[in-house]
Structure formats: C-alpha cells, structure tokens
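Structure file query26.cif; described as mmCIF, C-alpha atoms.
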data_run
#
loop_
_atom_site.label_atom_id
_atom_site.label_comp_id
_atom_site.auth_asym_id
_atom_site.auth_seq_id
_atom_site.Cartn_x
_atom_site.Cartn_y
_atom_site.Cartn_z
CA MET A 1 99.48 27.84 104.33
CA ALA A 2 100.91 25.92 101.38
CA GLU A 3 102.14 22.69 102.76
CA VAL A 4 103.91 20.22 100.57
CA LEU A 5 102.91 16.78 101.63
CA LEU A 6 104.89 14.07 99.97
CA PRO A 7 103.67 10.50 100.12
CA ARG A 8 104.53 9.20 103.55
CA LYS A 9 106.98 6.38 104.08
CA MET A 10 105.16 3.18 104.84
CA GLU A 11 105.65 1.87 108.34
CA ILE A 12 107.73 -1.24 107.85
CA PRO A 13 106.13 -4.15 109.67
CA ASN A 14 108.35 -6.48 111.67
CA ASP A 15 107.72 -9.45 109.40
CA PRO A 16 110.25 -9.09 106.54
CA SER A 17 108.09 -11.08 104.14
CA LYS A 18 105.49 -8.34 104.39
CA PHE A 19 107.84 -5.64 103.13
CA GLY A 20 106.21 -3.87 100.22
CA SER A 21 103.41 -6.37 100.52
CA PRO A 22 100.63 -5.95 97.99
CA ASP A 23 98.22 -7.31 100.59
CA LEU A 24 97.94 -3.96 102.34
CA LEU A 25 95.23 -1.60 101.16
CA HIS A 26 96.68 1.67 99.96
CA VAL A 27 94.48 4.58 100.94
CA LEU A 28 94.78 8.12 99.65
CA ALA A 29 93.32 10.51 102.25
CA VAL A 30 92.43 14.09 101.36
CA ASP A 31 91.63 16.76 103.97
CA ASP A 32 92.49 20.42 104.33
CA SER A 33 92.44 20.21 108.14
CA HIS A 34 95.79 19.37 109.65
CA VAL A 35 94.12 17.90 112.72
CA ASP A 36 91.88 15.66 110.63
CA ARG A 37 94.76 14.56 108.40
CA LYS A 38 96.73 13.43 111.39
CA PHE A 39 93.70 11.67 112.82
CA ILE A 40 92.66 9.83 109.65
CA GLU A 41 96.25 8.83 108.97
CA ARG A 42 96.47 7.22 112.39
CA LEU A 43 93.11 5.49 112.00
CA LEU A 44 94.28 4.00 108.72
CA ARG A 45 97.68 2.94 110.05
CA VAL A 46 96.06 1.27 113.03
CA SER A 47 93.84 -0.57 110.54
CA SER A 48 96.96 -1.85 108.75
CA CYS A 49 96.61 0.26 105.63
CA LYS A 50 99.27 2.00 103.62
CA VAL A 51 98.47 5.70 103.77
CA THR A 52 99.18 8.69 101.59
CA VAL A 53 97.80 11.97 102.91
CA VAL A 54 97.38 15.19 100.95
CA ASP A 55 95.93 18.53 101.95
CA SER A 56 93.83 19.37 98.91
CA ALA A 57 91.86 17.91 96.04
CA THR A 58 94.33 19.48 93.61
CA ARG A 59 97.21 17.68 95.24
CA ALA A 60 95.22 14.45 95.21
CA LEU A 61 94.77 14.78 91.46
CA GLN A 62 98.46 15.58 91.07
CA TYR A 63 99.33 12.48 93.05
CA LEU A 64 97.12 10.36 90.84
CA GLY A 65 98.60 11.90 87.73
CA LEU A 66 95.29 13.54 86.84
CA GLY A 67 96.59 17.06 87.22
CA VAL A 68 96.32 19.84 84.64
CA GLU A 69 98.89 18.13 82.46
CA GLU A 70 97.67 14.59 82.31
CA LYS A 71 100.70 12.37 82.42
CA SER A 72 100.14 8.76 81.68
CA VAL A 73 103.77 7.88 82.21
CA GLY A 74 104.73 6.21 85.47
CA PHE A 75 101.27 5.97 86.96
CA GLU A 76 100.38 2.48 85.79
CA ASP A 77 102.08 1.10 88.88
CA LEU A 78 100.33 3.46 91.24
CA LYS A 79 97.93 1.30 93.13
CA VAL A 80 95.40 3.15 95.19
CA ASN A 81 92.67 0.94 96.60
CA LEU A 82 90.58 3.60 98.29
CA ILE A 83 90.27 7.36 98.32
CA MET A 84 88.85 9.06 101.40
CA THR A 85 88.15 12.72 101.01
CA ASP A 86 86.69 15.50 103.10
CA TYR A 87 83.68 17.16 101.50
CA SER A 88 84.21 20.83 102.37
CA MET A 89 87.59 21.98 101.20
CA PRO A 90 88.67 25.34 99.82
CA GLY A 91 89.25 25.40 96.07
CA MET A 92 88.04 22.06 94.83
CA THR A 93 85.55 20.28 97.06
CA GLY A 94 85.51 16.56 97.78
CA TYR A 95 82.43 16.30 95.60
CA GLU A 96 84.27 17.84 92.64
CA LEU A 97 87.20 15.53 93.29
CA LEU A 98 84.82 12.57 93.28
CA LYS A 99 83.49 13.64 89.88
CA LYS A 100 86.98 14.02 88.43
CA ILE A 101 87.97 10.57 89.65
CA LYS A 102 84.85 8.99 88.21
CA GLU A 103 85.57 10.71 84.90
CA SER A 104 89.04 9.22 84.68
CA SER A 105 89.51 5.90 82.97
CA ALA A 106 92.47 5.02 85.16
CA PHE A 107 90.80 5.59 88.51
CA ARG A 108 87.03 5.42 88.10
CA GLN A 109 87.03 1.94 89.63
CA VAL A 110 88.69 3.14 92.79
CA PRO A 111 86.12 3.49 95.57
CA VAL A 112 85.78 7.02 96.88
CA VAL A 113 84.47 7.71 100.35
CA ILE A 114 83.31 11.18 101.34
CA MET A 115 83.75 12.45 104.90
CA SER A 116 81.81 15.37 106.30
CA SER A 117 81.06 16.95 109.66
CA GLU A 118 77.59 17.85 108.40
CA ASN A 119 74.72 15.41 108.13
CA ILE A 120 73.01 16.99 105.13
CA LEU A 121 70.80 14.52 103.30
CA PRO A 122 70.80 16.18 99.86
CA ARG A 123 74.59 16.32 100.07
CA ILE A 124 74.80 12.64 100.91
CA ASP A 125 72.42 11.76 98.09
CA ARG A 126 74.36 13.83 95.60
CA CYS A 127 77.61 12.11 96.52
CA LEU A 128 76.16 8.65 96.36
CA GLU A 129 74.52 9.45 93.02
CA GLU A 130 77.88 10.56 91.68
CA GLY A 131 79.29 7.16 92.60
CA ALA A 132 80.69 7.57 96.09
CA GLU A 133 81.21 4.27 97.83
CA ASP A 134 80.14 5.62 101.20
CA PHE A 135 79.56 8.80 103.14
CA LEU A 136 81.03 9.03 106.64
CA LEU A 137 80.17 11.53 109.32
CA LYS A 138 83.10 13.10 111.09
CA PRO A 139 84.70 12.37 113.41
CA VAL A 140 85.30 9.13 111.58
CA LYS A 141 85.35 6.05 113.79
CA LEU A 142 87.84 3.25 113.78
CA SER A 143 84.92 0.89 113.18
CA ASP A 144 84.04 2.82 109.98
CA VAL A 145 87.56 2.37 108.66
CA GLU A 146 87.70 -1.29 109.63
CA ARG A 147 84.37 -1.94 107.97
CA LEU A 148 85.57 -0.29 104.75
CA ARG A 149 88.83 -2.14 104.82
CA ASP A 150 87.12 -5.49 105.35
CA SER A 151 84.66 -5.03 102.51
CA LEU A 152 87.40 -3.85 100.15
CA MET A 153 89.72 -6.70 101.08
CA LYS A 154 87.00 -9.09 99.99
CA VAL A 155 86.49 -7.33 96.68
CA GLU A 156 90.18 -7.02 95.84
CA ASP A 157 90.82 -10.53 97.12
CA LEU A 158 94.13 -9.33 98.43
CA SER A 159 94.68 -12.66 100.09
CA PHE A 160 95.08 -14.22 96.69
CA THR A 161 98.64 -15.18 97.52
CA LYS A 162 97.33 -17.85 99.85
CA SER A 163 95.04 -19.36 97.22
CA THR A 164 97.66 -19.15 94.48
CA GLN A 165 100.14 -21.08 96.58
CA LYS A 166 97.71 -24.00 96.37
CA ARG A 167 97.22 -23.46 92.66
CA GLU A 168 100.95 -23.23 92.00
CA LEU A 169 101.27 -26.98 92.08
CA GLU A 170 98.87 -27.46 89.18
CA THR A 171 99.27 -24.32 87.18
CA GLU A 172 102.79 -23.11 87.77
CA ASN A 173 103.72 -21.96 84.30
CA ALA A 174 100.37 -22.30 82.67
CA TYR A 175 99.04 -18.81 83.42
CA PRO A 176 100.74 -15.44 83.64
CA VAL A 177 100.29 -13.50 86.91
CA HIS A 178 97.61 -11.12 85.76
CA SER A 179 95.17 -13.86 84.85
CA GLN A 180 95.80 -15.57 88.16
CA LEU A 181 94.65 -12.31 89.71
CA LYS A 182 91.55 -12.26 87.55
CA ARG A 183 90.68 -15.83 88.38
CA ALA A 184 91.18 -15.19 92.09
CA LYS A 185 88.76 -12.27 91.97
CA ILE A 186 85.63 -14.45 91.94
CA MET B 187 110.23 1.34 140.78
CA ASN B 188 108.40 2.70 143.79
CA THR B 189 105.02 1.08 143.38
CA THR B 190 103.35 3.34 145.93
CA VAL B 191 104.44 6.44 144.08
CA VAL B 192 103.33 4.98 140.77
CA ALA B 193 99.98 3.97 142.20
CA GLN B 194 99.45 7.44 143.63
CA LEU B 195 100.33 9.11 140.36
CA GLN B 196 98.09 6.77 138.43
CA ARG B 197 95.26 7.55 140.82
CA GLN B 198 95.87 11.25 140.40
CA PHE B 199 95.86 10.86 136.64
CA GLN B 200 92.66 8.87 136.66
CA ASP B 201 90.85 11.36 138.89
CA TYR B 202 92.05 14.27 136.83
CA ILE B 203 91.05 12.91 133.48
CA VAL B 204 87.65 11.80 134.80
CA SER B 205 87.08 15.31 136.13
CA LEU B 206 87.87 16.76 132.69
CA TYR B 207 85.18 14.57 131.17
CA GLN B 208 82.72 15.31 133.95
CA GLN B 209 83.22 19.04 133.66
CA GLY B 210 82.62 18.84 129.94
CA PHE B 211 86.06 19.88 128.80
CA LEU B 212 86.44 16.63 126.94
CA ASP B 213 84.02 14.23 125.33
CA ASN B 214 84.18 10.66 124.11
CA GLN B 215 86.19 11.57 121.04
CA PHE B 216 89.19 12.31 123.27
CA SER B 217 89.08 8.78 124.62
CA GLU B 218 88.90 7.51 121.03
CA LEU B 219 92.12 9.43 120.37
CA ARG B 220 93.75 7.87 123.41
CA LYS B 221 92.85 4.40 122.17
CA LEU B 222 94.80 5.08 118.98
CA GLN B 223 97.97 5.77 120.94
CA ASP B 224 100.38 2.93 121.75
CA GLU B 225 103.96 2.37 122.87
CA GLY B 226 105.10 2.98 119.31
CA THR B 227 103.29 6.31 119.11
CA PRO B 228 103.37 7.68 122.69
CA ASP B 229 103.03 11.29 121.55
CA PHE B 230 100.10 10.88 119.20
CA VAL B 231 97.47 12.55 121.37
CA ALA B 232 99.80 15.37 122.40
CA GLU B 233 100.66 16.00 118.75
CA VAL B 234 97.06 16.08 117.59
CA VAL B 235 95.96 18.46 120.33
CA SER B 236 98.97 20.64 119.64
CA LEU B 237 97.84 20.96 116.03
CA PHE B 238 94.38 21.78 117.32
CA PHE B 239 95.64 24.57 119.56
CA ASP B 240 97.66 25.98 116.65
CA ASP B 241 94.45 25.96 114.59
CA CYS B 242 92.60 27.76 117.38
CA SER B 243 95.17 30.48 117.60
CA LYS B 244 95.33 31.07 113.83
CA LEU B 245 91.59 30.96 113.28
CA ILE B 246 90.84 33.24 116.22
CA ASN B 247 93.27 35.80 114.81
CA THR B 248 91.72 35.65 111.35
CA MET B 249 88.17 35.90 112.68
CA SER B 250 89.12 38.73 114.98
CA ALA B 251 90.42 40.68 111.99
CA SER B 252 87.22 39.95 110.05
CA LEU B 253 85.09 41.21 112.93
CA GLU B 254 87.14 44.26 113.70
CA ARG B 255 85.38 47.00 111.71
CA PRO B 256 81.67 47.26 112.61
CA ASP B 257 80.74 48.58 109.18
CA ASN B 258 82.62 45.96 107.23
CA VAL B 259 82.28 42.47 108.69
CA ASP B 260 82.85 39.55 106.37
CA PHE B 261 80.45 37.11 108.03
CA LYS B 262 81.15 34.48 105.40
CA GLN B 263 84.78 34.46 106.35
CA VAL B 264 83.98 34.35 110.05
CA ASP B 265 81.56 31.50 109.44
CA SER B 266 84.22 29.63 107.52
CA GLY B 267 86.62 30.04 110.43
CA VAL B 268 84.02 28.84 112.93
CA HIS B 269 83.25 25.86 110.73
CA GLN B 270 86.89 24.83 110.70
CA LEU B 271 87.21 25.35 114.42
CA LYS B 272 84.08 23.36 115.09
CA GLY B 273 85.41 20.56 112.92
CA SER B 274 88.77 20.27 114.57
CA SER B 275 87.40 20.65 118.10
CA SER B 276 85.01 17.85 117.29
CA SER B 277 87.86 15.68 116.03
CA VAL B 278 89.85 16.00 119.24
CA GLY B 279 86.97 15.89 121.70
CA ALA B 280 87.26 19.50 122.83
CA GLN B 281 83.61 19.66 123.86
CA ARG B 282 83.40 23.12 125.38
CA VAL B 283 85.17 24.69 122.43
CA LYS B 284 82.85 22.85 120.08
CA ASN B 285 79.77 24.03 121.96
CA VAL B 286 80.84 27.65 121.76
CA CYS B 287 81.32 27.15 118.01
CA ILE B 288 77.71 26.05 117.71
CA SER B 289 76.50 29.33 119.23
CA PHE B 290 79.10 31.19 117.24
CA LYS B 291 77.75 29.79 113.98
CA GLU B 292 74.29 31.00 114.91
CA CYS B 293 75.59 34.52 115.47
CA CYS B 294 77.24 34.42 112.05
CA HIS B 295 74.05 33.30 110.36
CA VAL B 296 72.04 36.18 111.79
CA GLN B 297 74.98 38.52 111.24
CA ASN B 298 75.17 39.51 114.88
CA ARG B 299 78.55 41.16 115.26
CA GLU B 300 78.27 41.69 119.02
CA GLY B 301 77.30 38.08 119.50
CA CYS B 302 80.20 37.00 117.33
CA LEU B 303 82.62 39.04 119.37
CA ARG B 304 81.34 37.49 122.58
CA CYS B 305 81.68 34.01 121.11
CA LEU B 306 85.14 34.79 119.88
CA GLN B 307 86.16 35.82 123.36
CA GLN B 308 84.62 32.69 124.81
CA VAL B 309 86.29 30.41 122.31
CA ASP B 310 89.61 32.02 123.07
CA TYR B 311 89.06 31.49 126.78
CA GLU B 312 87.95 27.89 126.39
CA TYR B 313 90.78 26.73 124.19
CA LYS B 314 93.37 28.32 126.45
CA MET B 315 91.76 26.75 129.49
CA LEU B 316 91.78 23.35 127.82
CA LYS B 317 95.38 23.81 126.78
CA THR B 318 96.38 24.34 130.41
CA LYS B 319 94.35 21.38 131.62
CA LEU B 320 95.79 19.04 129.01
CA GLN B 321 99.29 20.24 129.74
CA ASP B 322 98.72 19.23 133.36
CA LEU B 323 97.39 15.88 132.19
CA PHE B 324 100.38 15.21 129.95
CA ASN B 325 102.71 16.21 132.79
CA LEU B 326 101.07 13.60 134.98
CA GLU B 327 101.58 11.05 132.22
CA GLN B 328 105.27 11.92 132.08
CA GLN B 329 105.60 11.58 135.83
CA ILE B 330 104.01 8.15 135.73
CA LEU B 331 106.33 6.99 132.97
CA GLN B 332 109.39 8.40 134.68
CA ALA B 333 108.42 6.59 137.86
CA GLY B 334 108.38 3.40 135.81
CA GLY B 335 104.62 3.00 135.62
CA THR B 336 102.14 2.69 132.78
CA ILE B 337 99.43 5.17 131.91
CA PRO B 338 95.98 3.89 132.85
CA GLN B 339 93.34 3.43 130.18
CA VAL B 340 90.33 5.18 131.58
CA ASP B 341 86.81 4.06 130.78
CA ILE B 342 84.53 7.06 130.94
CA ASN B 343 81.24 5.23 130.39
#
Re-express the file's structure as structure tokens.
Amino acid sequence: MAEVLLPRKMEIPNDPSKFGSPDLLHVLAVDDSHVDRKFIERLLRVSSCKVTVVDSATRALQYLGLGVEEKSVGFEDLKVNLIMTDYSMPGMTGYELLKKIKESSAFRQVPVVIMSSENILPRIDRCLEEGAEDFLLKPVKLSDVERLRDSLMKVEDLSFTKSTQKRELETENAYPVHSQLKRAKI
Amino acid sequence: MNTTVVAQLQRQFQDYIVSLYQQGFLDNQFSELRKLQDEGTPDFVAEVVSLFFDDCSKLINTMSASLERPDNVDFKQVDSGVHQLKGSSSSVGAQRVKNVCISFKECCHVQNREGCLRCLQQVDYEYKMLKTKLQDLFNLEQQILQAGGTIPQVDIN
C-alpha cells in the first residue's frame, strides 16, 4: 500500500504571535504502521510539537533531502529537532535510517529515537552504540514524549526569545541573529 | 437537557466500558488513547480503532492465503503478519487480540500449520467481537452527546 504522506499542516494555535513559532519542536516520525503513525502524531501534537509523519525510512530520507539524489538546495531551512523512528520496518529498518542520518553532515546532530515493540537488549545496545538518543518500548507513553521534549527544549534553548528580549536593550545591533543563538545556547 | 436521561446514559456508558476492561477486551492502553482525545479531536479514538480493524482484516486475509496450501506455507510471511497485528493491537489496547497473537507467534516459530490456522480463526473472532463492542460503546457516547451530556472519563485502576 503505497501511501503518499505529505508533511502535515501545523495546527495553528490560538495565539497569533505563535504562528510559525520557532519555539515548537519539529519532530519527524517514521513508522510503517498506520495505527502507530496516527498514535504517535497525536502524542506529539498533545505535547505541543510540530509533527511530520512518514510511512517509511526511504520517505524520511527523501523528506530530509538525503534521498538517492542528494539535493542540497532548499533544505538549509528545514529544521527538524527530533526524529522518532520505528525499528522494524520493511525495506530500510529504523536502525539503517539511524546510520544514514548519523552519516550525513546536515543531520547527524539531530537526535534520533528508536521505537520498538520488542525489548531486545542487543538491539537496544546496537542502536545506542550507533548514536541513538533513546530507545522507547511501544506503545510509547505520553510521559516518554514529554520527557524527550523537555530535555531537547533545554538543549536547543528554544526559549531564547525571552532572554534575547532582555539583551536587546544592550546589544541591539551589535550581534547578528545567529550569534545571539549561539550565545543563548550555554 | 434532561439530566436524568444524561445521567442514565452516562451510567450505562461507565458500566459498559468497565465491563470491557474487566472481561479483558481492553487494557490500559485503551484508556491512554481516550486521554488523548479532547473536544477538538472527538473522533480520535474511533479513527485509530477503525485503522486497527482495517489492519486486522487485511492481515488476516494475507495470512490466510499464506497458510492455505499445507505443503507450501510461508511461515516467515505469517510471522510478519502476526508481528504487525500484535503491534497494532498493543497500540490500541486490544488485549484479547494481542494475547491470541502471542500464541500465534509461537505456532509460527515451531511451524505448526494447524495451530496457526486455529489462531487465525481466533484472531478473526476476537477482532470482530471487539469491533461490535466498541461500536456499541461509541453509540452510547453519541447518545450522551446528543442528550447534551459529556462523556465520562473512566478510571480503571
């Protein structure tokens, strides 16, 4: 069943100032199960994340611009803060996807979380060794997602807008935006 | 709004859903699904279980075909189907279906075709049974809403 899943429209929050807000974590979720895709998407929305869901590792790579023809054009703006992928998928597994992501210069910094219904220790070890951020047993819990989100929000310092508002007074034109980001990431 | 009618319907709903948990049709994961539903997404649970039942139907057909000829059973394919079914039943809280899948997997591993066929029949029975039960549950929900009431959050612990 070849299903074309385009990136979903973001749910627009009621607060207009939050439209297109960079403060929301953007999660790319990968799962071949329709049921699990619907479930993880909901978990992530409830946790206030932007969500893009795809049904295969191949499509995930396409989305990231890491497909067979590597296109560097137009993907600089693609901000994915977290990738959550099922382990067992037909074709390319989540493990293989993890490896490809870690091999890419553009996305190796993006944390990758593996989800699996099977609690197989060697599998978990292998994934963690390959650089997976975490390994979650399915069915994934809301508390798992919230925990991930919270730890990533700290790392990305996505609340930098609050701290930069204070800094604006002193440093308004002194630093370009990208170094403000770097300084905020302490 | 007739508060007596609403209260009666809510009571009916509560009793029914509790009985589904007690009889093992549903497990805690179903209540986790319900928690994710809100006024903005009133059909979330119904949509997820609908996808699950679609999965059941498709996978059962595929596995049935794989098991059909006694001399040529692709146990790997059957196992793959059971694995998927086990996964999605687990995700929606369909406990009885999931439990049959556990036995089913065993039959695949030892390449027991007769056992597989029995499990297949059982899984078919269980998912259809659950489908009927949940349809009744969703109907009760609709009746409550139409009567102007709200659907109770049920604590099963």
Report task. Find the distance between atom CA of B:Gln196 and atom CA of B:Val340 and write it in Å to one decimal. Result ->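 We find that atom CA of B:Gln196 and atom CA of B:Val340 lie 10.5 Å from each other.
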Query raised in the report: When the cut-off is 10 Å and we count all atoms listed in the file, which residues of chain A are near chain B, given as a VMD selection string?
Result: chain A and resid 32 to 40 42 to 43 45 to 46 88 to 90 116 to 118 138 to 142
Query raised in the report: Expanded to explicit residues, what is the PyMOL selection byres ((chain A and resi 127-134) around 8) for this file, as a count of residues only?
Result: 14
Requested in this report: Provide the atom CA of A:Ser56 to atom CA of A:Leu25 distance in Å, to one decimal place.
Outcome: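 These atoms are spaced 21.1 Å apart.
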Report task. Choose the residue, out of B:Gln263, B:Ile330, B:Ile203, B:Thr318, that has the smallest atom-to-atom separation from B:Thr190; count only C-alpha atoms. Result ->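 Distance minimum relative to B:Thr190 lands on B:Ile330.
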Report task. Mind giving me the straight-line distance from atom CA of A:Cys49 to atom CA of A:Ser151 in Å, one decimal? Result -> 13.4 Å
Report task. Apply the PyMOL selection byres ((chain B and resi 293-309) around 8) to the displayed file and report the matching residues as a list in words. Result -> Ile246, Met249, Ser250, Leu253, Pro256, Val259, Phe261, Lys262, Val264, Asp265, Val283, Val286, Cys287, Ser289, Phe290, Lys291, Glu292, Asp310, Tyr311, Glu312 and Tyr313 of chain B
Query raised in the report: Which residues fall under the PyMOL selection byres ((chain A and resi 30) around 9) in this file, as an NGL selection string?
Result: :A and (28-29 or 31-32 or 37 or 52-57 or 59-60 or 83-86 or 94)
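Of the residues under consideration (A:Leu66, A:Phe107, A:Leu44, A:Thr58), A:Thr58 shows the shortest atom-to-atom contact distance to A:Gly91 when counting all atoms listed in the file.
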Report task. Quick one: everything within 12 Å of B:Glu225, counting only C-alpha atoms, minus sequence neighbours fewer than 5 positions away in the same chain. Send it as a list in words. Result ->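 Contacts, with the query itself left out: Arg220, Phe230, Leu331, Thr336 and Ile337 of chain B.
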Report task. For B:Ile342, work out the shell of residues within 8 Å, counting only C-alpha atoms and skipping chain neighbours fewer than 4 positions away, then give it as a PyMOL selection string. Result -> chain B and resi 204+207+214+217
Mind giving me the axis-aligned box for stretch 258-272 of chain B with 3 Å on every side, centre plus edges in Å to one decimal, as JSON?
{"center_x": 83.8, "center_y": 34.7, "center_z": 110.2, "size_x": 12.8, "size_y": 28.6, "size_z": 15.7}
